[in-house]
Every structure is written in structure tokens, then in C-alpha cells.
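Just below is one structure, and these are the notes that go with it.
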Amino acid sequence: MKLHIPRTTFGLAVMVSVVLTALAVLSGLVGRYFAHEELEQQLDHRITTESSLLIEEYDRGGLAALAAMVDSHHDRHENSGLGYLLVDHQGRRLAGSLQAEAPSKAGWREHLYVGNKTTGDRRAHQALTVILPAGERLVVAADRMPVEEIDAVIGWITAGMTSVMLMMGIGSAWILGLITRQRIDNISKVANAIAAGDLSRRIDRNNRAGEFDRLAETLNRMLDRNAELLTNLKQISTDIAHDLLTPLGRLQQQLELALTDCRNTQDYRHTIERAIATAVEIQQLFSSLLKISEIESLTLRKTFTPVSLTEVAKRVTDAFRPDIEENGRKLIVRLDHDLHILGERHLLSQLLVNLIENAMRHTPVGTTISVILSRAADHTILTVEDDGPGIPVADRARVIERFVRLEASRSTKGHGLGLSLVKAIATAHEAELIMEDNAPGLCIRLSFTALPIRDRKEATKV
Amino acid sequence: MRVLVADDHEETLNFIRRGLTQAGHIVSTVDNGREALFRATEESYDAIVLDRMLPGLDGLSILKMLRAGGIRTPVLLLTAMTRIADRVEGLENGADDYLVKPFAFSELHARLNVIIRRPAVLEPETSLRVLDIELDLGKRIARRGGRRIDLQPRELLMLEVLLRNPHRVMTKTMLLERVWDFDFDPQTNIVETHISRLRAKLNADFDQDAIITVRGAGYMIRSE
């Protein structure tokens, strides 16, 4: 049989109080049993002592002495609940005044009913019968009244205690269930409201540090974070739509122009080439977005291997030097030897390319761009700085968001994804990205965890 | 040459077929994985263009089975642009090259030409020579008409790539990969800049342009 365990707080609390009550009943019964046995033994002891005294008397002085002693004991102990009876072999009373039939067999009798001379009712006695050599029977009996009284008292106490316990248990279970249900209903109500579309709802909490308040706080924090992500997502969707509309509109214009203005094959060719370039631009926008999401999903970390950041920086700066110089800017490169990190070399190349292109695009002619790779304790620091106009402190956090471009005109090339990609790649490599004022200019610093020397050997082998 | 093209997207299939047919190739097309594997093992092709996502049997499994069966036909793998890891996996499993969708036909054609004539085993060469241009691979020295030309390391590498592929167009993307190990396209025209520097150094005091620009496609070394 499958045990049915209650699933509500009320049910659980009731179950616990029923179990506790049952235990209390059990302990009452056990207590009553031992008290009962103890009292019975005391009675037995008294009876045995009396009997042996009387038998000793019989041995010493015979039946007459015994009868005399029975009568004298009877007078002495009448009020302490002891009773005596001496009968001959035919059952005729020789001495003692116990108002009962003498048992025919020797030994103990737990319930011998004895009449009371004054009140007339019959009460149970504990009795010991001894048969003398000539057939006379000596009965010593003690009133069971004290045993029964104690039994009753313990019984009543147990019953009273357990019923109070059970009532209190069920009562507090009910209150506990009520409070729990109320708090949980509160949370459910908010959850339902959110499911129905009211995203601004939050769970009320009293300022007490109870577990429900802590739960409410955690849930509220989660809801805040979700709302933030959702707003972010909405913003990004709007931005994608906006950034897609511009090149799509241009594409349409180019094609319409081809229809109306093109006079010969060469015109058509030229216009189609421009339209293809616009389409490629749209593809690049989506490709960058997908790349950022892929990097942000962090599954790429599995493919990380030791990479020489020195080699990457050298290759990238070599590639860009001619363009930087042709655009009237200066490039300074200072790379420490053999700096390795765990990463993906294409992504690291792209990270540096984006930083350099960013510096080229947003600085005036005559700017000096520096790429510095150095070691600091167990970190490898990659710094790209320029002495251009820099980024105001207020905008620094914002520029790494997707589609954020600081010029309102959006006249320069690009989609505002360059630094988002840098940030995503840095995060994938567990690198910290810091933007500082280069006074003048911008300094972007990336702090990677350097690879310990023993792993570096692997890198040189690959 | 005979080319097998496997892609489940009808428009892509027609796009590739039309382009390759116009370029004078014989093209067979299949739109599912099982047929692609069957045709690739039963018939002899000079190259296979294989989409990574195919109904029936995916491109990567086909590639593994072909290579396991000892079929060495050059394979150009097409992958969707979303997955960086896919490309690595493709090359590790025996693809000769990959192309990320969406792509320009000129890129596909140029890459096919390169993989078809890529020798199975690269013989150790000490120098490369096309017309009057010579590159000493050991000493890393370039000469034109016997006269030494001073080149930067990346310019030397770019010249080496062009000299190793005479008669073949090297696209911008191919040069970015082979010279700088970039798997992405920077917004700066670094290829154009380096080609123009290399060209200027090679052409100094010579009438004939050493590097041919193929409009809309890429660059190749003048070989005739």
C-alpha cells in the first residue's frame, strides 16, 4: 500500500500533531502500566508480610494463637485497608471479619470482592490464601482502591493532555496553513498578473526578514532582471528594424533608379554592383548580430586553446599599419614577448581589429594610436589608446551596447556593433573591459588571465 | 571539369549550376544527402560542393563516409553563417575548404579552382617562379628580373600565396584567411592597401603590372 503523505501545509501540520498526540497517548499508557504494577507489588508486599507474621504465630502457638492474632490485627488494620479471614476446612469462620467467601485454592487472587459492613457495597481486594496443615484457610486481603484510583487519575491526565494537544496542533496547523496559503496566493496573484501582461507588478513584502520575504525579494529581483532584458530586447528589435530600413530603402532607390535612368548595359552593371554592395552591407549587419549572440552563448569556450596574444597583436598591427599611416594617423606598438592566454585566435584578432578600427574611425587626422601588450602579476593587459577626443564618462557604459552610436547624425560607417562584439569576446575570454580617460583621448584596457608557464609549452608546440 | 553540387535549396542550386555551366564546367545537382553520397561514390567528379545541412544525410556525415571510404575528391563545404564551430569541424573532417553562406559566386568559383588543383601532397619547394618574379622560400627573398625587391613579412606571404596559385583568382576573403588568419572581413581595406603597396614595389621600373585585379572577384599574379 502506498503511504499517502499530505501535500498542503495544513495537512502536513495535522499529520505531525496526530503523530505527536499518538506518542503522548502511548507514553501515558506506559506510565500508567508501570505505576499500576508498582502499586500492585506494594500491596502484595504488605499482604505477604502480614501472612508470614500470622503463619509464624501459628507455628509458635497453634490455631488458637493464630485466631487471637487475626482478631487483634483486624482491629489494628481495619482502617488501612487490610482484611483478615480464618475459616476451618468446612469454610466456617474462625476469626477475622472480611466480608467475603474464602477462596478454596491456595495462592493469589487479584480480584476478591469484599463487602463493606458500613456502606454495604462490594469492593475488589487483592488476596493471598494459605491452607494450614489441618485444612483451615487463612486469607489476607488488601483493598485495591489506591491502585484503581491512580489508574483513573493517570488515565484522565493522559486523555486531557492529548485532547488539548490535538486541538492545539490542529488549530495551529490551520493557522499555519492559512498564513502560508495567504502568502502564496499573494505570489500567485502577482504571477498571474504578469502572465496576463502587467509586467510592472511585484510581490508585496513586509519588512520582516522571514523566509517568505526573502523569497519575495529573490523573485522580485528575478522579475526586475527579466523586465530589463525584455526592454533591452525590445530596444534591440527596434534598432535592428531601424538599421535594416536604411540600407533596404537605399536598395530600393538604387533599383528604381536603374529602371528609370539606366540607358545602357554599363549603367545597369554599375547600378547592380551598387545594389549588391548594399545587400552585402545588410548581410554583414545580421552576420555581426548572429556572431555576437553566438559568442554570448559562451558555448565557444569548449574550443579554446592556448593562444599567443603577442603573435595576434603583431599580426593585426602589421595588417593595419599601412592604412593607419595612409589615413594620417600614427601607430605605436609595444608588445611584451610570449604572452599567452586561453582563447580563440580568430575572435581575439577580431577584438583587436575592432578596437583599432574604432580608434581610426572616431579620431581626427594626426592622432596617435597605441597598442600595448604587457604583463601584470598573473594578468595579461591589452591596451588600445588614442589621444583623440575620447568618450564622455556618461557615455562610456552606453557605447558597448548594441547599435549605440554617439553621433546623432549616424553619418559615419558602421552599425554600432563594434564595441558590443569586443565586449562579447572579452566576456567569453573572462577578460575585464575598462574604459579610461587618456587625457586626452580614450584608453580601452582588457585584462586577461595569463596562462601559467607549464601550459605555455603546449602553445608553442601548436 | 565535372562538379557535383549538393544543396536542398533550389534557388542556391540553380544559382551555382548556372554560374558553373557558364564558366564551362559540367554540373550535376542533387537536393538530398543520400543521393549525394550515392553519386559521389558511384561517379567520378573533379570537385564536390556540399551543403552542411542536407535532408536525409547531413553534409558532414557524407564527408566523413567519403573520406573513410578512401574517396579523395576535393570537397568545398557550404555552411550557414551562424556557426563558427561548424567551419572548424568541417575542415577537421576532411573538407578542403569552406564557404560561409550567403556567398558571392565569384568567391565560390575562385575557391573551387584552388582546391581542384591543390596537389594532394605538397612537395617541398625551395623557390617559386612565375614569369620574371621569383621568391626564395628559404631565405625569404623576392626578385623581379633578377633584381632584389625589399618586402615586409606580410607582403612576402601575400606574394607567396599569389605565386602558389598562378592562373587562379585569389579573393579578398581568401587573402585575409591565408595572409592574416582573419576569418572575418574588417571594414578597413587592408587587402587593397597591402596589394597596392606590393604592386608598387613589384612594378617599380617595370612596364608590365605584376598583379592583375579581377573586378568584383580578387587578384592574381600575371602569368603570361
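If you're wondering about the labels, chains in the C-alpha cells are A, B, ... by order shown, residues count from 1 in each chain, ligands from 1 in order shown.
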Q: Could you list the residues in chain B lying within 9 Å of chain A, using only C-alpha atoms, and format the result as a list in words?
A: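 Residues satisfying the distance criterion: Met81, Thr82, Arg83, Ile84, Ala85, Pro102, Arg154, Trp180, Asp181, Phe182, Asp183, Phe184, Pro186, Gln187, Thr188, Asn189, Ile190, Val191, Thr193, His194, Arg197 and Gly216 of chain B.
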Once you have the residues from the selection above, write them out as a compact mmCIF listing (two decimals), in the first residue's frame, restricted to N, CA and C atoms.
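Okay, result_33.txt is ready:
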# COMPACT_ATOMS: atom_id res chain seq x y z
N MET B 81 25.89 30.96 -41.95
CA MET B 81 26.81 31.92 -41.35
C MET B 81 26.79 31.96 -39.83
N THR B 82 25.84 31.26 -39.23
CA THR B 82 25.69 31.42 -37.79
C THR B 82 26.75 30.72 -36.95
N ARG B 83 27.29 29.59 -37.41
CA ARG B 83 28.12 28.81 -36.51
C ARG B 83 29.60 28.89 -36.84
N ILE B 84 30.37 29.41 -35.87
CA ILE B 84 31.81 29.48 -36.05
C ILE B 84 32.41 28.08 -35.94
N ALA B 85 31.89 27.31 -34.96
CA ALA B 85 32.45 25.98 -34.70
C ALA B 85 32.27 25.02 -35.87
N PRO B 102 25.58 33.69 -46.76
CA PRO B 102 25.48 33.79 -48.22
C PRO B 102 26.84 34.15 -48.84
N ARG B 154 54.55 40.36 -44.28
CA ARG B 154 53.19 40.07 -44.77
C ARG B 154 53.09 40.22 -46.29
N TRP B 180 46.58 36.80 -43.17
CA TRP B 180 46.46 37.35 -41.80
C TRP B 180 45.72 36.44 -40.84
N ASP B 181 45.22 35.31 -41.34
CA ASP B 181 44.47 34.39 -40.49
C ASP B 181 43.22 35.06 -39.90
N PHE B 182 42.59 35.94 -40.70
CA PHE B 182 41.35 36.57 -40.26
C PHE B 182 40.19 35.78 -40.86
N ASP B 183 39.25 35.35 -40.03
CA ASP B 183 38.08 34.66 -40.59
C ASP B 183 36.90 35.61 -40.69
N PHE B 184 37.19 36.90 -40.68
CA PHE B 184 36.12 37.90 -40.76
C PHE B 184 36.64 39.00 -41.69
N PRO B 186 37.38 42.78 -42.09
CA PRO B 186 37.44 44.07 -41.41
C PRO B 186 36.85 45.16 -42.31
N GLN B 187 36.39 46.25 -41.68
CA GLN B 187 35.79 47.30 -42.50
C GLN B 187 36.86 48.11 -43.20
N THR B 188 38.07 48.06 -42.67
CA THR B 188 39.18 48.76 -43.30
C THR B 188 39.65 47.93 -44.50
N ASN B 189 40.11 48.64 -45.57
CA ASN B 189 40.51 47.91 -46.78
C ASN B 189 41.95 47.42 -46.67
N ILE B 190 42.24 46.56 -45.73
CA ILE B 190 43.64 46.19 -45.55
C ILE B 190 44.17 45.39 -46.74
N VAL B 191 43.34 44.59 -47.39
CA VAL B 191 43.82 43.82 -48.53
C VAL B 191 44.21 44.77 -49.68
N THR B 193 45.02 47.89 -49.51
CA THR B 193 46.20 48.67 -49.15
C THR B 193 47.48 47.85 -49.36
N HIS B 194 47.46 46.60 -48.86
CA HIS B 194 48.67 45.79 -48.98
C HIS B 194 48.95 45.40 -50.42
N ARG B 197 50.56 48.35 -52.11
CA ARG B 197 51.98 48.50 -51.71
C ARG B 197 52.85 47.47 -52.40
N GLY B 216 35.52 42.77 -59.09
CA GLY B 216 34.44 42.06 -58.39
C GLY B 216 34.81 40.69 -57.89
Q. If you count only C-alpha atoms, which residues fall within 9 Å of range 51-66 of chain B, apart from same-chain ones fewer than 2 positions away, as JSON, numbers by chain?
A. {"B": [5, 6, 7, 8, 31, 32, 33, 34, 35, 36, 37, 40, 41, 49, 68, 69, 70, 71, 72, 73, 75, 76, 77, 78, 79, 80, 86, 89, 90, 93, 94, 95]}
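In this model, the gap between CA of Leu417 in chain A and CA of Ser370 in chain A comes to 22.0 Å.
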Q.
as a PyMOL selection string, please: every residue in range 212-350 of chain A that DSSP puts in helix (DSSP H, G or I).
A. chain A and resi 212-261+265-296+299-303+309-326+345-350
Q: Go through B:Leu175, B:Ile116, B:Met158, B:Met170 one by one, measure the shortest atom-to-atom distance of each to Arg2 in chain B using only C-alpha atoms, and give the residue with the smallest value.
A: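 Of the candidates, the smallest distance to Arg2 in chain B is held by B:Ile116.
In this model, the gap between CA of Ile141 in chain B and CA of Val169 in chain B comes to 23.5 Å.
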Q) What does the distance between CA of Ala95 in chain A and CA of Pro146 in chain A come to in Å, to one decimal place? A) 26.2 Å
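All residues within range 59-163 of chain B that the backbone DSSP calculation assigns to strand (DSSP E or B) are Val75, Leu76, Leu77, Leu78, Thr79, Asp97, Tyr98, Leu99, Val100, Ser127, Leu128, Arg129, Val130, Ile133, Glu134, Leu135, Asp136, Ile141, Ala142, Arg143, Arg144, Arg147, Arg148 and Ile149 of chain B.
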Q. If we count only C-alpha atoms, what is near range 43-46 of chain A at a cut-off of 12 Å, once residues fewer than 5 positions away on the same chain are taken out, given as JSON, numbers by chain?
A. {"A": [36, 37, 38, 51, 52, 53, 77, 80, 81, 82, 83, 107, 108, 109, 110, 125, 126, 127, 128, 140, 141, 142, 143, 144, 145, 146, 147]}
Using N, CA and C atoms, can you write the selected residues to a file as a tab-separated table (two decimals), in the first residue's frame?
chain	number	residue	atom	x	y	z
A	36	HIS	N	0.78	1.21	37.93
A	36	HIS	CA	-0.14	0.15	38.30
A	36	HIS	C	0.61	-1.05	38.85
A	37	GLU	N	1.64	-1.49	38.12
A	37	GLU	CA	2.41	-2.66	38.55
A	37	GLU	C	3.10	-2.40	39.87
A	38	GLU	N	3.66	-1.19	40.01
A	38	GLU	CA	4.38	-0.82	41.22
A	38	GLU	C	3.45	-0.88	42.45
A	51	SER	N	0.96	-12.10	56.15
A	51	SER	CA	0.75	-13.56	56.14
A	51	SER	C	1.88	-14.27	56.87
A	52	SER	N	3.13	-13.87	56.60
A	52	SER	CA	4.23	-14.60	57.24
A	52	SER	C	4.22	-14.41	58.75
A	53	LEU	N	3.85	-13.14	59.17
A	53	LEU	CA	3.74	-12.91	60.62
A	53	LEU	C	2.74	-13.87	61.26
A	77	HIS	N	-5.73	-2.94	61.87
A	77	HIS	CA	-5.54	-2.51	60.48
A	77	HIS	C	-6.82	-2.26	59.72
A	80	SER	N	-6.63	0.72	57.50
A	80	SER	CA	-5.57	0.84	56.49
A	80	SER	C	-5.85	-0.06	55.29
A	81	GLY	N	-7.07	-0.64	55.23
A	81	GLY	CA	-7.48	-1.37	54.03
A	81	GLY	C	-7.11	-2.83	54.04
A	82	LEU	N	-6.52	-3.33	55.15
A	82	LEU	CA	-6.18	-4.76	55.19
A	82	LEU	C	-7.33	-5.53	55.85
A	83	GLY	N	-7.62	-6.70	55.34
A	83	GLY	CA	-8.68	-7.50	55.95
A	83	GLY	C	-8.21	-8.93	56.16
A	107	GLY	N	-3.00	-19.53	47.29
A	107	GLY	CA	-2.30	-18.65	46.33
A	107	GLY	C	-2.99	-17.31	46.16
A	108	TRP	N	-2.57	-16.58	45.14
A	108	TRP	CA	-3.03	-15.19	44.91
A	108	TRP	C	-4.33	-15.14	44.17
A	109	ARG	N	-5.11	-14.15	44.53
A	109	ARG	CA	-6.32	-13.86	43.78
A	109	ARG	C	-6.34	-12.34	43.63
A	110	GLU	N	-6.37	-11.88	42.39
A	110	GLU	CA	-6.25	-10.43	42.17
A	110	GLU	C	-7.52	-9.68	42.51
A	125	HIS	N	-10.58	-6.68	46.17
A	125	HIS	CA	-9.39	-6.76	47.02
A	125	HIS	C	-8.39	-7.68	46.39
A	126	GLN	N	-7.15	-7.45	46.72
A	126	GLN	CA	-6.07	-8.36	46.34
A	126	GLN	C	-5.93	-9.32	47.52
A	127	ALA	N	-5.95	-10.67	47.26
A	127	ALA	CA	-5.98	-11.58	48.41
A	127	ALA	C	-4.99	-12.73	48.27
A	128	LEU	N	-4.38	-13.15	49.46
A	128	LEU	CA	-3.49	-14.32	49.46
A	128	LEU	C	-4.10	-15.36	50.41
A	140	VAL	N	-5.55	-13.23	53.70
A	140	VAL	CA	-5.19	-11.83	53.99
A	140	VAL	C	-5.48	-11.05	52.70
A	141	ALA	N	-6.30	-9.99	52.81
A	141	ALA	CA	-6.67	-9.23	51.60
A	141	ALA	C	-6.42	-7.75	51.79
A	142	ALA	N	-6.04	-7.06	50.69
A	142	ALA	CA	-5.83	-5.61	50.76
A	142	ALA	C	-6.73	-4.95	49.73
A	143	ASP	N	-7.25	-3.82	50.08
A	143	ASP	CA	-8.17	-3.09	49.19
A	143	ASP	C	-7.40	-2.59	47.96
A	144	ARG	N	-7.98	-2.83	46.76
A	144	ARG	CA	-7.31	-2.38	45.52
A	144	ARG	C	-7.61	-0.91	45.21
A	145	MET	N	-8.36	-0.30	46.05
A	145	MET	CA	-8.78	1.09	45.83
A	145	MET	C	-7.65	2.02	45.39
A	146	PRO	N	-6.49	2.06	46.11
A	146	PRO	CA	-5.42	3.01	45.70
A	146	PRO	C	-4.95	2.76	44.26
A	147	VAL	N	-4.81	1.45	43.86
A	147	VAL	CA	-4.35	1.13	42.50
A	147	VAL	C	-5.35	1.68	41.50
Hey, what's within 12 Å of range 173-177 of chain A if we count only C-alpha atoms and toss same-chain stuff fewer than 2 positions away? As a compact mmCIF listing (two decimals) with N, CA, C and O atoms, in the first residue's frame, please?
# COMPACT_ATOMS: atom_id res chain seq x y z
N ARG A 7 -0.04 17.03 0.99
CA ARG A 7 0.76 17.97 0.22
C ARG A 7 0.53 19.41 0.63
O ARG A 7 1.23 20.30 0.18
N THR A 8 -0.46 19.64 1.48
CA THR A 8 -0.68 21.03 1.90
C THR A 8 0.00 21.24 3.24
O THR A 8 0.26 20.29 3.97
N THR A 9 0.28 22.51 3.55
CA THR A 9 0.89 22.84 4.84
C THR A 9 -0.02 22.38 5.97
O THR A 9 0.43 21.78 6.94
N PHE A 10 -1.33 22.65 5.81
CA PHE A 10 -2.31 22.26 6.82
C PHE A 10 -2.26 20.75 7.05
O PHE A 10 -2.11 20.27 8.17
N GLY A 11 -2.30 20.00 5.96
CA GLY A 11 -2.27 18.54 6.04
C GLY A 11 -1.02 18.04 6.74
O GLY A 11 -1.09 17.17 7.60
N LEU A 12 0.12 18.62 6.37
CA LEU A 12 1.38 18.20 6.97
C LEU A 12 1.39 18.49 8.46
O LEU A 12 1.77 17.64 9.26
N ALA A 13 0.94 19.71 8.84
CA ALA A 13 0.95 20.09 10.25
C ALA A 13 -0.01 19.19 11.03
O ALA A 13 0.29 18.76 12.15
N VAL A 14 -1.18 18.86 10.44
CA VAL A 14 -2.13 17.97 11.11
C VAL A 14 -1.50 16.60 11.30
O VAL A 14 -1.57 16.01 12.39
N MET A 15 -0.81 16.14 10.25
CA MET A 15 -0.17 14.82 10.35
C MET A 15 0.83 14.81 11.50
O MET A 15 0.85 13.88 12.32
N VAL A 16 1.64 15.88 11.59
CA VAL A 16 2.64 15.95 12.65
C VAL A 16 1.95 15.96 14.02
O VAL A 16 2.34 15.22 14.92
N SER A 17 0.87 16.75 14.18
CA SER A 17 0.24 16.82 15.52
C SER A 17 -0.44 15.51 15.88
O SER A 17 -0.45 15.11 17.04
N VAL A 18 -1.00 14.80 14.87
CA VAL A 18 -1.61 13.49 15.16
C VAL A 18 -0.54 12.50 15.63
O VAL A 18 -0.72 11.78 16.62
N MET A 165 -3.57 18.74 23.32
CA MET A 165 -2.50 18.75 22.31
C MET A 165 -3.06 18.65 20.91
O MET A 165 -2.66 19.38 20.01
N LEU A 166 -4.01 17.73 20.73
CA LEU A 166 -4.58 17.52 19.40
C LEU A 166 -5.29 18.78 18.92
O LEU A 166 -5.13 19.21 17.79
N MET A 167 -6.04 19.40 19.85
CA MET A 167 -6.76 20.61 19.47
C MET A 167 -5.81 21.73 19.11
O MET A 167 -5.97 22.41 18.11
N MET A 168 -4.78 21.90 19.96
CA MET A 168 -3.81 22.96 19.69
C MET A 168 -3.07 22.68 18.39
O MET A 168 -2.81 23.59 17.60
N GLY A 169 -2.72 21.40 18.18
CA GLY A 169 -1.99 21.02 16.97
C GLY A 169 -2.79 21.34 15.73
O GLY A 169 -2.30 22.00 14.81
N ILE A 170 -4.05 20.90 15.73
CA ILE A 170 -4.88 21.14 14.54
C ILE A 170 -5.15 22.63 14.36
O ILE A 170 -5.10 23.17 13.26
N GLY A 171 -5.33 23.30 15.50
CA GLY A 171 -5.56 24.76 15.45
C GLY A 171 -4.37 25.48 14.84
O GLY A 171 -4.53 26.28 13.91
N ILE A 179 -1.88 31.14 6.86
CA ILE A 179 -0.85 32.16 6.60
C ILE A 179 -0.09 31.81 5.32
O ILE A 179 0.09 32.63 4.43
N THR A 180 0.34 30.52 5.24
CA THR A 180 1.10 30.08 4.08
C THR A 180 0.31 30.31 2.81
O THR A 180 0.81 30.86 1.83
N ARG A 181 -0.98 29.88 2.86
CA ARG A 181 -1.80 30.00 1.65
C ARG A 181 -1.96 31.46 1.26
O ARG A 181 -1.88 31.81 0.10
N GLN A 182 -2.08 32.30 2.28
CA GLN A 182 -2.27 33.72 2.01
C GLN A 182 -1.04 34.30 1.31
O GLN A 182 -1.15 34.99 0.30
N ARG A 183 0.16 33.94 1.84
CA ARG A 183 1.40 34.47 1.24
C ARG A 183 1.59 33.92 -0.17
O ARG A 183 2.00 34.63 -1.07
N ILE A 184 1.30 32.62 -0.32
CA ILE A 184 1.50 32.01 -1.63
C ILE A 184 0.47 32.53 -2.63
O ILE A 184 0.80 32.81 -3.78
N ASP A 185 -0.76 32.72 -2.15
CA ASP A 185 -1.79 33.30 -3.02
C ASP A 185 -1.34 34.66 -3.52
O ASP A 185 -1.57 35.02 -4.68
Q: Find the residues near Leu157 in chain B: any atom within 10 Å, counting only C-alpha atoms, skip ones fewer than 6 places away on the same chain, and give them as a PyMOL selection string.
A: chain B and resi 137+140+151+163+175+178-180
